[in-house]
Amino acid sequence: MKGEGKERLLENRLIREIEHGKKIVHAAGDIWNWETTAGKLRWTRRAKMLTSHISQEHRVLELGCGTGYFTKELAKTGAEIHAVDISPELLQRAICKVNSRNVIFKIDNAYQMSCADAVFDAVVGSSVLHHLEIKKALSECYRVLKPGGAIVFTEPNMLNPQIAVQKNIPFIKKRLGDSPDETAFFKWQMRKMLWKAGFKEICVESFDFLHPSVPKRFAKIVEKIGMAIEKIPFLKEFAGSLYIYARK
């Protein structure tokens, strides 16, 4: 009965994410903060982080591809990209947006993916793990990775004051367009979960002090200042995001 209860909770969580996809599909870029000048600078930096370990010979799984913002950049690597999402609406938008022969789109469940064991050289994603039951998702990522394969994700940092408020106060979460179940992660927490899932060569680092609402004229200078702060012990821990890398 206990196991059935957990499965029901996971299923209900997936249903809520599918419903959330329907609500945001026509305004996803604004809700995810990629459309402002500062947002585009943040997007570009993340794209480099997600693609820097990928080569043309790789087979890559993009988990939670959404409307295809990062799928486009992954496609430029020449690798075979399998882009999956649980939301039919978001996935259809991605299919319309990305026209690359090396990209395969598919509806799939992050907790029980339809692919075989050990088939991908990398599993990547931007702001997707915090929507999921993390232990189950990491277990699946580990399963589908080849030995020596790597995961690369960027996720919200719970130590950032704005993130902490946004993810923990329900009416603010709803107002800002978050889904009901999404959260954020502490650096130490993510390292521990990766280790328990079997990963090695674990790297979790805080980055990004550039807020998407920074005006266009100040965006680049604020980005530079933020990158300087990322090098300062203690202060860097309050950045808005986490860079997550680990190897099987």
# chains A, B, ... in the order shown; residues from 1 in each chain; ligands from 1
>>> select_by_dssp(residues="region 24-142 of chain A", states="strand (DSSP E or B)", output="JSON, numbers by chain")
{"A": [59, 60, 61, 62, 63, 80, 81, 82, 83, 84, 85, 103, 104, 105, 106, 107, 120, 121, 122, 123, 124, 125, 126]}
>>> select_by_dssp(residues="region 62-128 of chain A", states="alpha helix (DSSP H)", output="list in words")
Thr71, Lys72, Glu73, Leu74, Ala75, Pro88, Glu89, Leu90, Leu91, Gln92, Arg93, Ala94, Ile95, Cys96 and Lys97 of chain A
>>> residues_around(residues="region 6-18 of chain A", least_positions_apart="4", cutoff="8 Å", atoms="only C-alpha atoms", output="MDAnalysis selection string")
chainID A and resid 2 22 86:88 131 133 179:181
>>> write_last_selection(atoms="N, CA and C atoms", output="PDB file, in the first residue's frame")
ATOM      1  N   LYS A   2       1.977   1.173   0.733  1.00  0.00           N
ATOM      2  CA  LYS A   2       2.888   2.305   0.808  1.00  0.00           C
ATOM      3  C   LYS A   2       3.458   2.623  -0.564  1.00  0.00           C
ATOM      4  N   LYS A  22       0.092  23.450 -20.239  1.00  0.00           N
ATOM      5  CA  LYS A  22      -1.027  24.023 -21.001  1.00  0.00           C
ATOM      6  C   LYS A  22      -1.192  25.508 -20.701  1.00  0.00           C
ATOM      7  N   ILE A  86       7.217  16.078 -20.731  1.00  0.00           N
ATOM      8  CA  ILE A  86       5.959  15.430 -20.348  1.00  0.00           C
ATOM      9  C   ILE A  86       4.753  16.195 -20.890  1.00  0.00           C
ATOM     10  N   SER A  87       4.954  17.455 -21.312  1.00  0.00           N
ATOM     11  CA  SER A  87       3.857  18.302 -21.769  1.00  0.00           C
ATOM     12  C   SER A  87       3.706  18.253 -23.286  1.00  0.00           C
ATOM     13  N   PRO A  88       2.595  17.736 -23.792  1.00  0.00           N
ATOM     14  CA  PRO A  88       2.370  17.717 -25.253  1.00  0.00           C
ATOM     15  C   PRO A  88       2.366  19.112 -25.854  1.00  0.00           C
ATOM     16  N   HIS A 131      11.478  20.613 -10.974  1.00  0.00           N
ATOM     17  CA  HIS A 131      10.066  20.292 -11.191  1.00  0.00           C
ATOM     18  C   HIS A 131       9.742  18.840 -10.804  1.00  0.00           C
ATOM     19  N   GLU A 133      10.369  14.856  -8.799  1.00  0.00           N
ATOM     20  CA  GLU A 133      10.775  14.139  -7.585  1.00  0.00           C
ATOM     21  C   GLU A 133      12.217  13.739  -7.843  1.00  0.00           C
ATOM     22  N   SER A 179       4.970  26.231 -11.277  1.00  0.00           N
ATOM     23  CA  SER A 179       4.067  25.104 -11.095  1.00  0.00           C
ATOM     24  C   SER A 179       3.969  24.782  -9.603  1.00  0.00           C
ATOM     25  N   PRO A 180       2.915  24.114  -9.154  1.00  0.00           N
ATOM     26  CA  PRO A 180       2.692  23.906  -7.713  1.00  0.00           C
ATOM     27  C   PRO A 180       3.809  23.140  -7.010  1.00  0.00           C
ATOM     28  N   ASP A 181       4.476  22.218  -7.709  1.00  0.00           N
ATOM     29  CA  ASP A 181       5.436  21.325  -7.052  1.00  0.00           C
ATOM     30  C   ASP A 181       6.894  21.751  -7.186  1.00  0.00           C
TER      31      ASP A 181
END
>>> closest_residue(among="A:Ala246, A:Val165, A:Ala110, A:Ile221", to="Pro147 (chain A)", atoms="only C-alpha atoms")
A:Ala246
>>> closest_residue(among="A:Val84, A:Val123, A:Ile172, A:Ala116", to="Tyr245 (chain A)", atoms="only C-alpha atoms")
A:Val123
>>> closest_residue(among="A:Glu4, A:Glu205, A:Glu19, A:Glu35", to="Met49 (chain A)", atoms="only C-alpha atoms")
A:Glu205
>>> residues_around(residues="Asn99 (chain A)", least_positions_apart="6", cutoff="12 Å", atoms="only C-alpha atoms", output="ChimeraX atom specification")
/A:68,71-73,75-76,93,105
>>> write_last_selection(atoms="C-alpha atoms", output="PDB file, in the first residue's frame")
ATOM      1  CA  GLY A  68      13.016  24.164 -27.397  1.00  0.00           C
ATOM      2  CA  THR A  71      17.352  22.314 -27.964  1.00  0.00           C
ATOM      3  CA  LYS A  72      18.394  24.695 -30.739  1.00  0.00           C
ATOM      4  CA  GLU A  73      21.805  25.170 -29.150  1.00  0.00           C
ATOM      5  CA  ALA A  75      21.489  20.745 -32.117  1.00  0.00           C
ATOM      6  CA  LYS A  76      24.390  22.966 -33.184  1.00  0.00           C
ATOM      7  CA  ARG A  93       5.890  24.278 -29.696  1.00  0.00           C
ATOM      8  CA  PHE A 105      11.385  14.850 -30.030  1.00  0.00           C
TER       9      PHE A 105
END
>>> closest_residue(among="A:Ser206, A:Ser127, A:Gln166, A:Thr154", to="Arg45 (chain A)", atoms="only C-alpha atoms")
A:Thr154
>>> atom_distance(atom1="CA of Val152 (chain A)", atom2="CA of Val124 (chain A)")
4.8 Å
>>> residues_around(residues="region 30-33 of chain A", least_positions_apart="4", cutoff="7 Å", atoms="only C-alpha atoms", output="list in words")
Gly39, Gly177 and Pro212 of chain A
>>> residues_around(residues="Leu61 (chain A)", least_positions_apart="2", cutoff="10 Å", atoms="only C-alpha atoms", output="list in words")
His58, Arg59, Leu63, Gly64, Cys65, Leu74, Glu80, Ile81, His82, Ala83, Val84, Val103, Ile104, Val119, Phe120, Asp121, Ala122, Val123, Val124, Gly125, Cys141, Val144, Leu145 and Ile151 of chain A
>>> write_last_selection(atoms="N, CA and C atoms", output="PDB file, in the first residue's frame")
ATOM      1  N   HIS A  58      28.408  12.207 -29.883  1.00  0.00           N
ATOM      2  CA  HIS A  58      27.597  11.864 -28.719  1.00  0.00           C
ATOM      3  C   HIS A  58      26.118  11.665 -29.050  1.00  0.00           C
ATOM      4  N   ARG A  59      25.483  10.857 -28.218  1.00  0.00           N
ATOM      5  CA  ARG A  59      24.026  10.745 -28.185  1.00  0.00           C
ATOM      6  C   ARG A  59      23.592  11.390 -26.874  1.00  0.00           C
ATOM      7  N   LEU A  63      16.496  16.483 -21.069  1.00  0.00           N
ATOM      8  CA  LEU A  63      15.347  16.206 -20.195  1.00  0.00           C
ATOM      9  C   LEU A  63      14.573  17.497 -19.964  1.00  0.00           C
ATOM     10  N   GLY A  64      13.267  17.470 -20.240  1.00  0.00           N
ATOM     11  CA  GLY A  64      12.447  18.662 -20.054  1.00  0.00           C
ATOM     12  C   GLY A  64      12.792  19.755 -21.046  1.00  0.00           C
ATOM     13  N   CYS A  65      12.657  19.459 -22.326  1.00  0.00           N
ATOM     14  CA  CYS A  65      13.086  20.410 -23.369  1.00  0.00           C
ATOM     15  C   CYS A  65      12.161  21.614 -23.478  1.00  0.00           C
ATOM     16  N   LEU A  74      21.738  22.845 -28.497  1.00  0.00           N
ATOM     17  CA  LEU A  74      22.243  21.471 -28.458  1.00  0.00           C
ATOM     18  C   LEU A  74      22.387  20.914 -29.870  1.00  0.00           C
ATOM     19  N   GLU A  80      23.557  13.621 -31.711  1.00  0.00           N
ATOM     20  CA  GLU A  80      22.198  13.098 -31.847  1.00  0.00           C
ATOM     21  C   GLU A  80      21.431  13.467 -30.581  1.00  0.00           C
ATOM     22  N   ILE A  81      20.464  14.361 -30.711  1.00  0.00           N
ATOM     23  CA  ILE A  81      19.747  14.904 -29.561  1.00  0.00           C
ATOM     24  C   ILE A  81      18.361  14.264 -29.446  1.00  0.00           C
ATOM     25  N   HIS A  82      18.080  13.692 -28.291  1.00  0.00           N
ATOM     26  CA  HIS A  82      16.753  13.174 -27.974  1.00  0.00           C
ATOM     27  C   HIS A  82      16.137  14.132 -26.960  1.00  0.00           C
ATOM     28  N   ALA A  83      15.203  14.966 -27.422  1.00  0.00           N
ATOM     29  CA  ALA A  83      14.596  15.998 -26.578  1.00  0.00           C
ATOM     30  C   ALA A  83      13.230  15.515 -26.094  1.00  0.00           C
ATOM     31  N   VAL A  84      13.059  15.419 -24.776  1.00  0.00           N
ATOM     32  CA  VAL A  84      11.816  14.883 -24.227  1.00  0.00           C
ATOM     33  C   VAL A  84      11.173  15.858 -23.249  1.00  0.00           C
ATOM     34  N   VAL A 103      17.767  16.112 -34.276  1.00  0.00           N
ATOM     35  CA  VAL A 103      16.950  16.205 -33.064  1.00  0.00           C
ATOM     36  C   VAL A 103      15.726  15.308 -33.197  1.00  0.00           C
ATOM     37  N   ILE A 104      15.505  14.482 -32.173  1.00  0.00           N
ATOM     38  CA  ILE A 104      14.329  13.610 -32.100  1.00  0.00           C
ATOM     39  C   ILE A 104      13.507  14.035 -30.895  1.00  0.00           C
ATOM     40  N   VAL A 119      22.337   4.139 -22.800  1.00  0.00           N
ATOM     41  CA  VAL A 119      22.293   4.487 -24.227  1.00  0.00           C
ATOM     42  C   VAL A 119      22.754   5.920 -24.526  1.00  0.00           C
ATOM     43  N   PHE A 120      22.913   6.762 -23.501  1.00  0.00           N
ATOM     44  CA  PHE A 120      23.275   8.157 -23.743  1.00  0.00           C
ATOM     45  C   PHE A 120      24.661   8.494 -23.192  1.00  0.00           C
ATOM     46  N   ASP A 121      25.360   9.364 -23.928  1.00  0.00           N
ATOM     47  CA  ASP A 121      26.662   9.867 -23.470  1.00  0.00           C
ATOM     48  C   ASP A 121      26.488  11.025 -22.498  1.00  0.00           C
ATOM     49  N   ALA A 122      25.343  11.699 -22.578  1.00  0.00           N
ATOM     50  CA  ALA A 122      25.076  12.828 -21.680  1.00  0.00           C
ATOM     51  C   ALA A 122      23.578  13.008 -21.495  1.00  0.00           C
ATOM     52  N   VAL A 123      23.212  13.474 -20.307  1.00  0.00           N
ATOM     53  CA  VAL A 123      21.842  13.897 -20.020  1.00  0.00           C
ATOM     54  C   VAL A 123      21.931  15.340 -19.540  1.00  0.00           C
ATOM     55  N   VAL A 124      21.212  16.235 -20.212  1.00  0.00           N
ATOM     56  CA  VAL A 124      21.318  17.654 -19.891  1.00  0.00           C
ATOM     57  C   VAL A 124      19.940  18.268 -19.715  1.00  0.00           C
ATOM     58  N   GLY A 125      19.897  19.430 -19.069  1.00  0.00           N
ATOM     59  CA  GLY A 125      18.630  20.129 -18.912  1.00  0.00           C
ATOM     60  C   GLY A 125      18.809  21.447 -18.188  1.00  0.00           C
ATOM     61  N   CYS A 141      18.200   9.065 -14.709  1.00  0.00           N
ATOM     62  CA  CYS A 141      19.332   9.643 -15.450  1.00  0.00           C
ATOM     63  C   CYS A 141      20.533   8.707 -15.392  1.00  0.00           C
ATOM     64  N   VAL A 144      20.026   5.522 -17.722  1.00  0.00           N
ATOM     65  CA  VAL A 144      20.111   5.664 -19.180  1.00  0.00           C
ATOM     66  C   VAL A 144      21.489   6.129 -19.661  1.00  0.00           C
ATOM     67  N   LEU A 145      22.354   6.541 -18.731  1.00  0.00           N
ATOM     68  CA  LEU A 145      23.707   6.967 -19.103  1.00  0.00           C
ATOM     69  C   LEU A 145      24.618   5.772 -19.366  1.00  0.00           C
ATOM     70  N   ILE A 151      26.010  13.944 -16.578  1.00  0.00           N
ATOM     71  CA  ILE A 151      24.831  14.806 -16.531  1.00  0.00           C
ATOM     72  C   ILE A 151      25.303  16.240 -16.345  1.00  0.00           C
TER      73      ILE A 151
END
>>> residues_around(residues="region 228-239 of chain A", least_positions_apart="3", cutoff="7 Å", atoms="only C-alpha atoms", output="compact mmCIF listing (two decimals) with N, CA and C atoms, in the first residue's frame")
# COMPACT_ATOMS: atom_id res chain seq x y z
N ASN A 157 18.96 28.01 -7.08
CA ASN A 157 19.69 27.87 -5.82
C ASN A 157 18.83 28.34 -4.65
N LEU A 159 19.59 28.97 -1.69
CA LEU A 159 20.23 29.96 -0.81
C LEU A 159 20.03 31.39 -1.31
N ASN A 160 19.61 31.55 -2.55
CA ASN A 160 19.33 32.88 -3.07
C ASN A 160 18.04 33.40 -2.43
N SER A 206 27.67 27.42 -7.39
CA SER A 206 26.72 28.54 -7.49
C SER A 206 27.18 29.52 -8.56
N PHE A 207 26.23 30.06 -9.32
CA PHE A 207 26.56 31.07 -10.33
C PHE A 207 25.32 31.91 -10.62
N ASP A 208 25.55 33.05 -11.27
CA ASP A 208 24.51 33.92 -11.82
C ASP A 208 23.90 34.90 -10.81
N PHE A 209 24.40 36.13 -10.86
CA PHE A 209 23.82 37.23 -10.09
C PHE A 209 23.07 38.21 -10.98
N LYS A 224 29.03 41.33 -15.61
CA LYS A 224 30.46 41.30 -15.28
C LYS A 224 30.69 41.38 -13.78
N ILE A 225 29.93 42.26 -13.12
CA ILE A 225 30.06 42.39 -11.67
C ILE A 225 29.65 41.08 -11.00
>>> closest_residue(among="A:Asn109, A:Gln162, A:Thr67, A:Thr44", to="Gln92 (chain A)", atoms="only C-alpha atoms")
A:Thr67
>>> closest_residue(among="A:Ala94, A:Ser126, A:Asn168, A:Asp178", to="Ala47 (chain A)", atoms="only C-alpha atoms")
A:Ser126
>>> atom_distance(atom1="CA of Val25 (chain A)", atom2="CA of Glu89 (chain A)")
6.4 Å
>>> atom_distance(atom1="CA of Glu201 (chain A)", atom2="CA of Lys136 (chain A)")
20.2 Å
